[in-house]
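Have a look at the structure below, then the notes.
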Protein chains: 2
Amino acid sequence: MTGLSKRDATAKTAVARANNSSGKNDDATKCKVALLGFGTVGSSVARILCERPNTHLRLTHVLNRNVARKKVDWLPSSVQWTENIDDILSSNAEVMVEVMGGLQPTEDWIRRALASGKSVVTANKQLIAHCGPELISLARQMNQQIQFGASVAGGVPVISGLHEGLAGDELFKIRGILNGTCNYILSQIETNGIPFATALREAQKLGFAEADPTEDIEGLDARAKLAILVRVGLHCNVRPESILARSISPIDSVDFEYANQLGCTIRQISWAELKIEPKADSKANELFAAVQPALVQLSSPLARVEGSQNLVVATGTYGGETVFGGHGAGGHPTAVAIVSDILAIARSKQSAVPMKKTDAGQPVEKTPTVTADFTAKHYLRFLVKDCPGIIATLATILSQCGINIDSVLQKPGCPKSHLPFLITLEECKASLVEQALQQINSLDFLVQPCLHLPIL
Amino acid sequence: MTGLSKRDATAKTAVARANNSSGKNDDATKCKVALLGFGTVGSSVARILCERPNTHLRLTHVLNRNVARKKVDWLPSSVQWTENIDDILSSNAEVMVEVMGGLQPTEDWIRRALASGKSVVTANKQLIAHCGPELISLARQMNQQIQFGASVAGGVPVISGLHEGLAGDELFKIRGILNGTCNYILSQIETNGIPFATALREAQKLGFAEADPTEDIEGLDARAKLAILVRVGLHCNVRPESILARSISPIDSVDFEYANQLGCTIRQISWAELKIEPKADSKANELFAAVQPALVQLSSPLARVEGSQNLVVATGTYGGETVFGGHGAGGHPTAVAIVSDILAIARSKQSAVPMKKTDAGQPVEKTPTVTADFTAKHYLRFLVKDCPGIIATLATILSQCGINIDSVLQKPGCPKSHLPFLITLEECKASLVEQALQQINSLDFLVQPCLHLPIL
């Protein structure tokens with residue numbers, strides 16, 4: 001990241017400034033912030049609050065387990081360190097920042113903070129995906145706010161972009177790369193031609209993947225984020241569990257070779273699309289939503305997302321496609337999103353007026369039926385023990401299901417006992433393909449189940 | 001654009017809804033909007049206001065010259081059409097939307113609207129670039145707002161992105177493609193190998209360039225937008241005239257051939273970069289700012305901007321690079337930005353409270369020295385009458401100026417009388433290159449002055 005060394009060099013001066021500026025008069029105009037969690041993100045938030053002049057925010061409390069071990073010397077001595085949530089809740093902090101993660105006791109503490117008249121900023125995607133609406137409603141009751149810009153795509157301001165910047169549009173589609181770990185692993189398989197397991201192991205070694213990578217690899221992390229984006233951008237109340245999540249683990253380097261022949265690459269794509277009913281007041285809308293590995297055209301901005309970067313493409317009826325991209329993770333970028341949220345709350349607190357307890361001006365929330373049965377071209381990659389009549393057998397099953405074959409590709413020079421080859425299908429519903437695959441996957445000549453990816 | 005046909009199909013229903021919903025009770029909660037200008041953007045704004053349910057905005061007035069000719073039947077009959085600004089100023093409209101363009105009488109009317117207690121939304125980049133700070137200050141005095149999200153990059157929410165989404169960062173660099181006309185023309189020269197004049201003529205024929213293209217081609221449009229972004233993102237008060245603007249007209253198709261050999265393409269790049277002084281309270285900062293054709297690496301997001309798309313890359317000390325991209329022009333995308341701005345004002349008006357007349361919480365504005373003397377690699381393309389000793393002569397002058405040559409490239413098969421060739425320079429200050437070019441451009445063997453572009 002740019003500027004780190006400069007920042008470190010000026011840290012002392014900044015801290016001195018922060019200490020000097022803790023006089024009483026100055027404090028009165030500053031918005032007081034308590035921080036829950038002093039890990040990577042938490043310490044970055046503290047650093048920005050102390051280093052940046054004129055932010056008009058003041059860090060008053062830091063809560064963490066084992067404070068003695070966590071305490072740092074670069075925070076002003078006025079900051080109170082504690083292991084006890086009651087110290088925060090009974091304090092005069094106006095905004096509580098939660099970067100501890102986890103569902104409990106986090107949810108409980110956030111509820112108590114809102115109930116005690118504090119606004120909340122959180123980076124907790126699982127919590128917001130699961131009980132965001134309840135927490136927002138509680139905040140509104142208490143004339144407070146809960147902001148969660150850091151919960152999706154780290155430093156990329158996509159939540160505020162959808163909620164405010166594109167408020168004038170009628171968004172109906174969101175596609176994105178929301179998980180840097182998967183993007184990194186897929187990029188490594190592509191670039192180095194290594195198997196999935198090797199790429200995962202290396203990512204773990206470098207700290208790009210966790211010891212237990214399930215949340216990332218299986219798409220559970222991305223679908224929590226997608227559920228949040230769907231709520232903010234498409235105004236649909238959707239539970240994360242209702243969104244299909246498919247693992248990236250079956251992707252092999254041979255799939256990148258085939259994808260490249262088709263002018264594509266493979267990425268974990270989070271995709272939600274609202275089919276708007278002609279009767280605009282109908283609540284019976286249908287939402288396609290899935291997180292899955294998919295083929296994307298090399299010309300698409302989604303294909304060019306590298307390493308742990310994130311990207312969101314929002315499509316609206318009026319404004320067409322708008323792209324938001326940047327650092328989806330990391331202490332400093334995530335901390336930028338958190339401090340931006342604190343500043344937004346501080347701006348609105350400045351008006352020193354209770355916000356109205358009304359939803360007027362907010363778009364009506366839809367509760368659509370969620371389905372993953374999208375219509376697309378499809379990529380079917382087989383690994384077979386070669387024998388006569390394979391194509392004929394597959395073609396017959398596909399045609400019986402009403403599916404048209406687009407192309408058949410076979411990489412030369414592969415062993416007959418483990419022969420990978422590819423069938424691409426013309427546009428059809430995913431459910432039709434699944435139906436055909438139920439028959440196909442029981443065929444004798446298959447070495448492993450067919451890999452099925454949509455082509456976007 | 002997506003959805004146009006669907007929209008047209010549902011327009012009637014929408015209008016009927018808008019008419020039905022003009023009952024008194026409903027009106028009370030709606031924010032009343034007057035529209036100045038009913039051209040492409042103005043009619044798109046009106047369309048969104050009428051078609052979108054639940055926006056809680058109501059169009060009350062439309063002002064345009066020659067109303068009889070402009071009047072349309074798809075607006076509710078409750079909308080008052082007028083040619084007289086006093087009808088608007090004396091009305092109960094709460095927000096005045098200005099999409100007429102021009103500096104006068106627009107500025108005067110906006111001042112009067114603010115003075116009469118209306119907030120203002122404008123898409124007028126020249127006006128905001130020239131007197132934005134005065135208008136913002138007047139708005140603040142009057143407890144009103146002036147929003148200008150549509151003035152830069154059309155539908156791309158980059159103003160709110162910089163101002164709110166990245167408020168937590170300390171931005172120091174903004175690079176962007178802010179003029180769709182130039183981007184279209186350069187793309188056409190690149191793709192079709194045609195001369196600049198032909199590309200311009202075709203763009204004019206297709207409506208992508210104006211009859212008088214000076215503002216676009218010479219970079220004056222983009223530098224007004226850059227001045228606005230610099231103010232919003234870098235908190236520097238900079239007059240557009242202080243920003244270097246260089247024409248794209250000397251770019252020839254041979255330059256794209258050479259650029260490609262260097263792994264680059266050529267785009268009109270708006271670039272501003274703040275050199276932050278170690279003493280953070282120093283106001284004596286230096287700002288590099290220029291709008292000019294430049295070589296950009298093919299791997300850069302800036303190289304992939306197609307047609308009339310816009311893109312902005314903002315770089316911050318903490319969050320690194322963040323990208324905003326989308327439709328930079330056109331009625332509907334620009335209207336989305338305007339309606340988003342109206343909604344933001346409506347949300348803040350909802351709190352029914354005067355905003356505080358204070359700058360507290362706003363970053364301190366800097367007034368830096370503006371320079372275009374950036375350090376970069378440089379591209380020098382010569383067109384010469386071939387004779388012995390050309391390279392030696394050029395190399396001597398460059399070396400006398402303390403400039404190191406990086407490479408010399410010559411496309412084969414060109415006529416000796418009009419021989420294009422290329423010298424790339426190692427990183428050095430632009431002023432050094434200009435100094436060398438003063439000597440070089442008087443040399444006999446040059447058919448035309450050397451084309452000089454930075455390589456980003």
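Just remember, in the structure tokens the first chain shown is A, the second B, etc., residues are 1-based per chain, and ligands are 1-based in the order shown.
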
I'd like the contact shell of Gly155 in chain B - 7 Å cut-off, only C-alpha atoms, skipping same-chain residues fewer than 4 positions apart - returned as number ranges by chain.
A: 319; B: 150, 326-328, 333-334, 336-337

If we count only C-alpha atoms and set the cut-off at 9 Å, which residues sit around range 136-141 of chain A, ignoring sequence neighbours fewer than 2 positions away in its own chain? Please answer as a list in words.
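Contacts, in chain order: Arg111, Leu114, Ala115, Gly117, Lys118, Ser119, Val120, Cys131, Gly132, Pro133, Glu134, Asn143, Gln144, Gln145, Ile146, Gln147, Met355, Lys356, Lys357 and Thr358 of chain A.
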
Any chance you can output those residues with N, CA and C atoms as a PDB file, in the first residue's frame?
```pdb
ATOM      1  N   ARG A 111     -27.029  -4.382  20.264  1.00  0.00           N
ATOM      2  CA  ARG A 111     -28.388  -4.030  20.700  1.00  0.00           C
ATOM      3  C   ARG A 111     -28.344  -3.142  21.946  1.00  0.00           C
ATOM      4  N   LEU A 114     -27.175   0.426  21.021  1.00  0.00           N
ATOM      5  CA  LEU A 114     -28.251   1.199  20.389  1.00  0.00           C
ATOM      6  C   LEU A 114     -29.277   1.615  21.441  1.00  0.00           C
ATOM      7  N   ALA A 115     -29.615   0.641  22.306  1.00  0.00           N
ATOM      8  CA  ALA A 115     -30.625   0.924  23.324  1.00  0.00           C
ATOM      9  C   ALA A 115     -30.148   1.996  24.306  1.00  0.00           C
ATOM     10  N   GLY A 117     -28.486   4.556  23.455  1.00  0.00           N
ATOM     11  CA  GLY A 117     -28.375   5.847  22.770  1.00  0.00           C
ATOM     12  C   GLY A 117     -27.063   6.086  22.056  1.00  0.00           C
ATOM     13  N   LYS A 118     -26.394   5.006  21.674  1.00  0.00           N
ATOM     14  CA  LYS A 118     -25.182   5.172  20.871  1.00  0.00           C
ATOM     15  C   LYS A 118     -25.460   4.700  19.442  1.00  0.00           C
ATOM     16  N   SER A 119     -24.862   5.359  18.478  1.00  0.00           N
ATOM     17  CA  SER A 119     -24.901   4.834  17.119  1.00  0.00           C
ATOM     18  C   SER A 119     -23.816   3.780  16.973  1.00  0.00           C
ATOM     19  N   VAL A 120     -23.955   2.932  15.956  1.00  0.00           N
ATOM     20  CA  VAL A 120     -23.037   1.805  15.804  1.00  0.00           C
ATOM     21  C   VAL A 120     -22.494   1.757  14.376  1.00  0.00           C
ATOM     22  N   CYS A 131     -29.182 -10.257  10.727  1.00  0.00           N
ATOM     23  CA  CYS A 131     -30.175  -9.478  11.473  1.00  0.00           C
ATOM     24  C   CYS A 131     -30.045  -7.983  11.244  1.00  0.00           C
ATOM     25  N   GLY A 132     -29.569  -7.610  10.044  1.00  0.00           N
ATOM     26  CA  GLY A 132     -29.483  -6.195   9.692  1.00  0.00           C
ATOM     27  C   GLY A 132     -30.800  -5.452   9.848  1.00  0.00           C
ATOM     28  N   PRO A 133     -31.896  -5.952   9.230  1.00  0.00           N
ATOM     29  CA  PRO A 133     -33.152  -5.206   9.295  1.00  0.00           C
ATOM     30  C   PRO A 133     -33.627  -4.960  10.730  1.00  0.00           C
ATOM     31  N   GLU A 134     -33.495  -5.968  11.607  1.00  0.00           N
ATOM     32  CA  GLU A 134     -33.912  -5.786  13.003  1.00  0.00           C
ATOM     33  C   GLU A 134     -33.059  -4.711  13.675  1.00  0.00           C
ATOM     34  N   ASN A 143     -33.585   6.635  17.648  1.00  0.00           N
ATOM     35  CA  ASN A 143     -33.019   7.846  17.023  1.00  0.00           C
ATOM     36  C   ASN A 143     -31.514   7.722  16.820  1.00  0.00           C
ATOM     37  N   GLN A 144     -31.068   6.532  16.566  1.00  0.00           N
ATOM     38  CA  GLN A 144     -29.645   6.317  16.313  1.00  0.00           C
ATOM     39  C   GLN A 144     -29.475   5.734  14.916  1.00  0.00           C
ATOM     40  N   GLN A 145     -28.208   5.504  14.550  1.00  0.00           N
ATOM     41  CA  GLN A 145     -27.923   4.897  13.260  1.00  0.00           C
ATOM     42  C   GLN A 145     -27.065   3.662  13.441  1.00  0.00           C
ATOM     43  N   ILE A 146     -27.199   2.712  12.503  1.00  0.00           N
ATOM     44  CA  ILE A 146     -26.201   1.652  12.399  1.00  0.00           C
ATOM     45  C   ILE A 146     -25.696   1.659  10.967  1.00  0.00           C
ATOM     46  N   GLN A 147     -24.397   1.809  10.822  1.00  0.00           N
ATOM     47  CA  GLN A 147     -23.767   1.875   9.507  1.00  0.00           C
ATOM     48  C   GLN A 147     -22.885   0.644   9.324  1.00  0.00           C
ATOM     49  N   MET A 355     -33.387  12.240  14.494  1.00  0.00           N
ATOM     50  CA  MET A 355     -33.879  11.899  13.165  1.00  0.00           C
ATOM     51  C   MET A 355     -35.330  11.468  13.270  1.00  0.00           C
ATOM     52  N   LYS A 356     -36.081  11.683  12.214  1.00  0.00           N
ATOM     53  CA  LYS A 356     -37.480  11.286  12.258  1.00  0.00           C
ATOM     54  C   LYS A 356     -37.600   9.778  12.245  1.00  0.00           C
ATOM     55  N   LYS A 357     -38.521   9.282  13.061  1.00  0.00           N
ATOM     56  CA  LYS A 357     -38.748   7.832  13.078  1.00  0.00           C
ATOM     57  C   LYS A 357     -39.691   7.456  11.949  1.00  0.00           C
ATOM     58  N   THR A 358     -39.262   7.650  10.733  1.00  0.00           N
ATOM     59  CA  THR A 358     -40.158   7.389   9.621  1.00  0.00           C
ATOM     60  C   THR A 358     -39.402   6.719   8.492  1.00  0.00           C
TER      61      THR A 358
END
```

Could you pull out all residues of range 63-126 of chain B with a DSSP call of helix (DSSP H, G or I) and give them as a list of chain:residue names?
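So, restricting range 63-126 of chain B to helix (DSSP H, G or I), we get B:Val67, B:Ala68, B:Arg69, B:Lys70, B:Ile85, B:Asp86, B:Asp87, B:Ile88, B:Leu89, B:Thr106, B:Glu107, B:Asp108, B:Trp109, B:Ile110, B:Arg111, B:Arg112, B:Ala113, B:Leu114, B:Ala115, B:Lys125, B:Gln126.
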
Once you have the residues from the selection above, write them out as a short mmCIF file (atom, residue, chain, number, x, y, z; two decimals), in the first residue's frame, restricted to N, CA and C atoms.
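The file below, again.cif, is the result:
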```
data_model
loop_
_atom_site.label_atom_id
_atom_site.label_comp_id
_atom_site.auth_asym_id
_atom_site.auth_seq_id
_atom_site.Cartn_x
_atom_site.Cartn_y
_atom_site.Cartn_z
N VAL B 67 -42.10 27.26 -24.33
CA VAL B 67 -42.81 26.18 -23.66
C VAL B 67 -43.80 25.48 -24.59
N ALA B 68 -44.45 26.26 -25.45
CA ALA B 68 -45.47 25.70 -26.35
C ALA B 68 -44.89 24.57 -27.19
N ARG B 69 -43.65 24.76 -27.62
CA ARG B 69 -42.99 23.75 -28.46
C ARG B 69 -42.49 22.57 -27.62
N LYS B 70 -42.15 22.83 -26.36
CA LYS B 70 -41.51 21.81 -25.52
C LYS B 70 -42.51 20.89 -24.81
N ILE B 85 -38.62 32.80 -14.82
CA ILE B 85 -37.94 32.32 -13.61
C ILE B 85 -38.67 32.76 -12.34
N ASP B 86 -39.33 33.90 -12.38
CA ASP B 86 -40.02 34.37 -11.18
C ASP B 86 -41.14 33.43 -10.75
N ASP B 87 -41.74 32.73 -11.73
CA ASP B 87 -42.75 31.73 -11.37
C ASP B 87 -42.15 30.64 -10.48
N ILE B 88 -40.91 30.29 -10.78
CA ILE B 88 -40.23 29.25 -9.98
C ILE B 88 -39.84 29.83 -8.61
N LEU B 89 -39.20 31.01 -8.66
CA LEU B 89 -38.65 31.58 -7.43
C LEU B 89 -39.73 31.90 -6.40
N THR B 106 -27.71 31.54 -15.63
CA THR B 106 -27.81 30.42 -14.69
C THR B 106 -27.30 30.78 -13.29
N GLU B 107 -26.09 31.35 -13.23
CA GLU B 107 -25.53 31.65 -11.91
C GLU B 107 -26.45 32.57 -11.13
N ASP B 108 -26.94 33.58 -11.82
CA ASP B 108 -27.83 34.55 -11.18
C ASP B 108 -29.09 33.86 -10.64
N TRP B 109 -29.67 33.00 -11.45
CA TRP B 109 -30.90 32.32 -11.03
C TRP B 109 -30.66 31.38 -9.85
N ILE B 110 -29.50 30.71 -9.88
CA ILE B 110 -29.18 29.80 -8.77
C ILE B 110 -29.00 30.61 -7.48
N ARG B 111 -28.30 31.74 -7.57
CA ARG B 111 -28.13 32.59 -6.39
C ARG B 111 -29.49 33.04 -5.85
N ARG B 112 -30.37 33.43 -6.76
CA ARG B 112 -31.69 33.89 -6.32
C ARG B 112 -32.49 32.75 -5.69
N ALA B 113 -32.36 31.56 -6.27
CA ALA B 113 -33.09 30.41 -5.70
C ALA B 113 -32.60 30.12 -4.29
N LEU B 114 -31.28 30.08 -4.11
CA LEU B 114 -30.72 29.83 -2.78
C LEU B 114 -31.18 30.92 -1.81
N ALA B 115 -31.11 32.18 -2.28
CA ALA B 115 -31.49 33.31 -1.42
C ALA B 115 -32.96 33.24 -1.04
N LYS B 125 -21.07 21.86 -14.89
CA LYS B 125 -19.67 21.72 -14.46
C LYS B 125 -18.90 23.03 -14.53
N GLN B 126 -19.14 23.83 -15.61
CA GLN B 126 -18.38 25.08 -15.72
C GLN B 126 -18.74 26.02 -14.57
#
```

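Counting only C-alpha atoms and comparing B:Ile440, B:Leu127, B:Ala153, B:Ala372, the residue that lies closest to chain A is B:Ala153.
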
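Ranking A:Arg65, A:Arg239, A:Arg175, A:His163 by their shortest atom-to-atom distance to chain B, with only C-alpha atoms included, puts A:His163 first.
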
Near Phe324 in chain A, within 7 Å and counting only C-alpha atoms, which residues show up once chain neighbours fewer than 3 positions away are dropped, as a list in words?
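So the residues in contact are Val156, Val158, Leu311, Val312 and Val313 of chain A; Val323, Phe324 and Gly325 of chain B.
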
I want to know what sits within 8 Å of Cys401 in chain A, based on only C-alpha atoms, with residues of the same chain fewer than 5 positions away left out; could you give that as a VMD selection string?
chain A and resid 432 to 433 435 to 436

Which residues in range 41-234 of chain B does DSSP call strand (DSSP E)? List them as a list in words.
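Residues of range 41-234 of chain B classed as strand (DSSP E): Leu57, Arg58, Leu59, Thr60, His61, Val62, Leu63, Gln80, Trp81, Thr82, Val95, Met96, Val97, Glu98, Ser119, Val120, Val121, Thr122, Ile146, Gln147, Leu171, Phe172, Lys173, Ile174, Arg175, Gly176 and Ile177 of chain B.
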
For N, CA and C atoms, I'd like the residues from the last selection saved as a PDB file, in the first residue's frame.
```
ATOM      1  N   LEU B  57     -40.757  12.292  -4.349  1.00  0.00           N
ATOM      2  CA  LEU B  57     -40.445  13.581  -4.950  1.00  0.00           C
ATOM      3  C   LEU B  57     -41.608  13.921  -5.872  1.00  0.00           C
ATOM      4  N   ARG B  58     -41.926  15.209  -6.006  1.00  0.00           N
ATOM      5  CA  ARG B  58     -42.989  15.582  -6.932  1.00  0.00           C
ATOM      6  C   ARG B  58     -42.528  16.755  -7.795  1.00  0.00           C
ATOM      7  N   LEU B  59     -42.624  16.561  -9.094  1.00  0.00           N
ATOM      8  CA  LEU B  59     -42.271  17.624 -10.034  1.00  0.00           C
ATOM      9  C   LEU B  59     -43.421  18.626 -10.074  1.00  0.00           C
ATOM     10  N   THR B  60     -43.101  19.889  -9.786  1.00  0.00           N
ATOM     11  CA  THR B  60     -44.176  20.895  -9.758  1.00  0.00           C
ATOM     12  C   THR B  60     -44.066  21.895 -10.906  1.00  0.00           C
ATOM     13  N   HIS B  61     -42.828  22.203 -11.363  1.00  0.00           N
ATOM     14  CA  HIS B  61     -42.645  23.221 -12.409  1.00  0.00           C
ATOM     15  C   HIS B  61     -41.605  22.771 -13.425  1.00  0.00           C
ATOM     16  N   VAL B  62     -41.820  23.169 -14.681  1.00  0.00           N
ATOM     17  CA  VAL B  62     -40.789  23.021 -15.698  1.00  0.00           C
ATOM     18  C   VAL B  62     -40.599  24.382 -16.364  1.00  0.00           C
ATOM     19  N   LEU B  63     -39.355  24.847 -16.384  1.00  0.00           N
ATOM     20  CA  LEU B  63     -39.065  26.100 -17.079  1.00  0.00           C
ATOM     21  C   LEU B  63     -38.236  25.809 -18.323  1.00  0.00           C
ATOM     22  N   GLN B  80     -46.629  22.730 -13.666  1.00  0.00           N
ATOM     23  CA  GLN B  80     -46.794  24.045 -14.274  1.00  0.00           C
ATOM     24  C   GLN B  80     -45.619  24.346 -15.213  1.00  0.00           C
ATOM     25  N   TRP B  81     -45.931  24.650 -16.470  1.00  0.00           N
ATOM     26  CA  TRP B  81     -44.893  24.998 -17.455  1.00  0.00           C
ATOM     27  C   TRP B  81     -44.756  26.511 -17.498  1.00  0.00           C
ATOM     28  N   THR B  82     -43.512  26.979 -17.560  1.00  0.00           N
ATOM     29  CA  THR B  82     -43.317  28.428 -17.576  1.00  0.00           C
ATOM     30  C   THR B  82     -42.039  28.810 -18.317  1.00  0.00           C
ATOM     31  N   VAL B  95     -36.809  22.312  -4.070  1.00  0.00           N
ATOM     32  CA  VAL B  95     -35.547  22.059  -4.749  1.00  0.00           C
ATOM     33  C   VAL B  95     -35.646  22.548  -6.188  1.00  0.00           C
ATOM     34  N   MET B  96     -34.660  23.335  -6.627  1.00  0.00           N
ATOM     35  CA  MET B  96     -34.620  23.774  -8.015  1.00  0.00           C
ATOM     36  C   MET B  96     -33.504  23.011  -8.725  1.00  0.00           C
ATOM     37  N   VAL B  97     -33.877  22.297  -9.795  1.00  0.00           N
ATOM     38  CA  VAL B  97     -32.903  21.528 -10.567  1.00  0.00           C
ATOM     39  C   VAL B  97     -32.520  22.332 -11.802  1.00  0.00           C
ATOM     40  N   GLU B  98     -31.218  22.588 -11.980  1.00  0.00           N
ATOM     41  CA  GLU B  98     -30.768  23.398 -13.104  1.00  0.00           C
ATOM     42  C   GLU B  98     -30.024  22.529 -14.105  1.00  0.00           C
ATOM     43  N   SER B 119     -33.198  24.736  -2.114  1.00  0.00           N
ATOM     44  CA  SER B 119     -31.940  24.054  -2.394  1.00  0.00           C
ATOM     45  C   SER B 119     -31.811  23.878  -3.897  1.00  0.00           C
ATOM     46  N   VAL B 120     -30.584  23.627  -4.351  1.00  0.00           N
ATOM     47  CA  VAL B 120     -30.329  23.571  -5.790  1.00  0.00           C
ATOM     48  C   VAL B 120     -29.560  22.302  -6.136  1.00  0.00           C
ATOM     49  N   VAL B 121     -29.976  21.685  -7.250  1.00  0.00           N
ATOM     50  CA  VAL B 121     -29.209  20.578  -7.827  1.00  0.00           C
ATOM     51  C   VAL B 121     -28.824  21.003  -9.234  1.00  0.00           C
ATOM     52  N   THR B 122     -27.551  20.888  -9.559  1.00  0.00           N
ATOM     53  CA  THR B 122     -27.118  21.321 -10.886  1.00  0.00           C
ATOM     54  C   THR B 122     -26.162  20.317 -11.510  1.00  0.00           C
ATOM     55  N   ILE B 146     -26.501  22.992  -2.067  1.00  0.00           N
ATOM     56  CA  ILE B 146     -26.343  22.894  -3.506  1.00  0.00           C
ATOM     57  C   ILE B 146     -25.589  21.598  -3.798  1.00  0.00           C
ATOM     58  N   GLN B 147     -26.197  20.743  -4.611  1.00  0.00           N
ATOM     59  CA  GLN B 147     -25.596  19.446  -4.941  1.00  0.00           C
ATOM     60  C   GLN B 147     -25.247  19.437  -6.422  1.00  0.00           C
ATOM     61  N   LEU B 171      -7.105  11.203   0.603  1.00  0.00           N
ATOM     62  CA  LEU B 171      -6.820  11.015  -0.816  1.00  0.00           C
ATOM     63  C   LEU B 171      -5.699  11.958  -1.247  1.00  0.00           C
ATOM     64  N   PHE B 172      -4.824  11.479  -2.112  1.00  0.00           N
ATOM     65  CA  PHE B 172      -3.764  12.374  -2.614  1.00  0.00           C
ATOM     66  C   PHE B 172      -3.631  12.315  -4.129  1.00  0.00           C
ATOM     67  N   LYS B 173      -4.348  11.404  -4.787  1.00  0.00           N
ATOM     68  CA  LYS B 173      -4.214  11.330  -6.247  1.00  0.00           C
ATOM     69  C   LYS B 173      -5.558  10.970  -6.881  1.00  0.00           C
ATOM     70  N   ILE B 174      -5.870  11.664  -7.979  1.00  0.00           N
ATOM     71  CA  ILE B 174      -7.073  11.354  -8.745  1.00  0.00           C
ATOM     72  C   ILE B 174      -6.663  11.288 -10.207  1.00  0.00           C
ATOM     73  N   ARG B 175      -6.980  10.166 -10.844  1.00  0.00           N
ATOM     74  CA  ARG B 175      -6.750  10.084 -12.280  1.00  0.00           C
ATOM     75  C   ARG B 175      -8.045   9.634 -12.920  1.00  0.00           C
ATOM     76  N   GLY B 176      -8.377  10.173 -14.073  1.00  0.00           N
ATOM     77  CA  GLY B 176      -9.646   9.772 -14.647  1.00  0.00           C
ATOM     78  C   GLY B 176      -9.757  10.029 -16.123  1.00  0.00           C
ATOM     79  N   ILE B 177     -10.739   9.373 -16.713  1.00  0.00           N
ATOM     80  CA  ILE B 177     -11.163   9.657 -18.073  1.00  0.00           C
ATOM     81  C   ILE B 177     -12.524  10.321 -17.925  1.00  0.00           C
TER      82      ILE B 177
END
```

Coordinates-based distance that separates CA of His418 in chain B from CA of Leu186 in chain B (Å, one decimal):
22.3 Å

Contact residues around Glu286 in chain A with only C-alpha atoms at 10 Å, ignoring same-chain residues under 6 positions, as a list of chain:residue names
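Once the nearby chain positions are removed, what remains is A:Cys236, A:Glu273, A:Leu274, A:Lys275, A:Ile276, A:Glu277, A:Lys366, A:Thr367, A:Pro368, A:Thr369, A:Val370, A:Thr371.
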
Would you mind listing what lies within 12 Å of Pro388 in chain A as a PyMOL selection string, with only C-alpha atoms counted and same-chain residues fewer than 5 positions away left out?
chain A and resi 393-394+416+445

Can I get the selection written as a compact mmCIF listing (two decimals), in the first residue's frame, with N, CA and C atoms?
```txt
# COMPACT_ATOMS: atom_id res chain seq x y z
N THR A 393 -23.93 -40.61 -26.40
CA THR A 393 -24.74 -40.82 -25.18
C THR A 393 -25.11 -39.48 -24.53
N LEU A 394 -24.08 -38.61 -24.37
CA LEU A 394 -24.33 -37.32 -23.72
C LEU A 394 -25.30 -36.48 -24.55
N LYS A 416 -6.03 -41.53 -22.01
CA LYS A 416 -7.36 -42.08 -22.29
C LYS A 416 -8.14 -42.39 -21.00
N PHE A 445 -18.78 -44.23 -17.70
CA PHE A 445 -17.49 -43.73 -18.21
C PHE A 445 -16.99 -42.47 -17.50
```

Could you tell me how far CA of Ile403 in chain B lies from CA of Thr375 in chain B, in Å and to one decimal?
11.9 Å

So which one's closest to Asp216 in chain B, B:Val291, B:Trp271, B:Val339, B:Ser242? Using only C-alpha atoms, please.
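Among B:Val291, B:Trp271, B:Val339, B:Ser242, it is B:Val291 that comes nearest to Asp216 in chain B.
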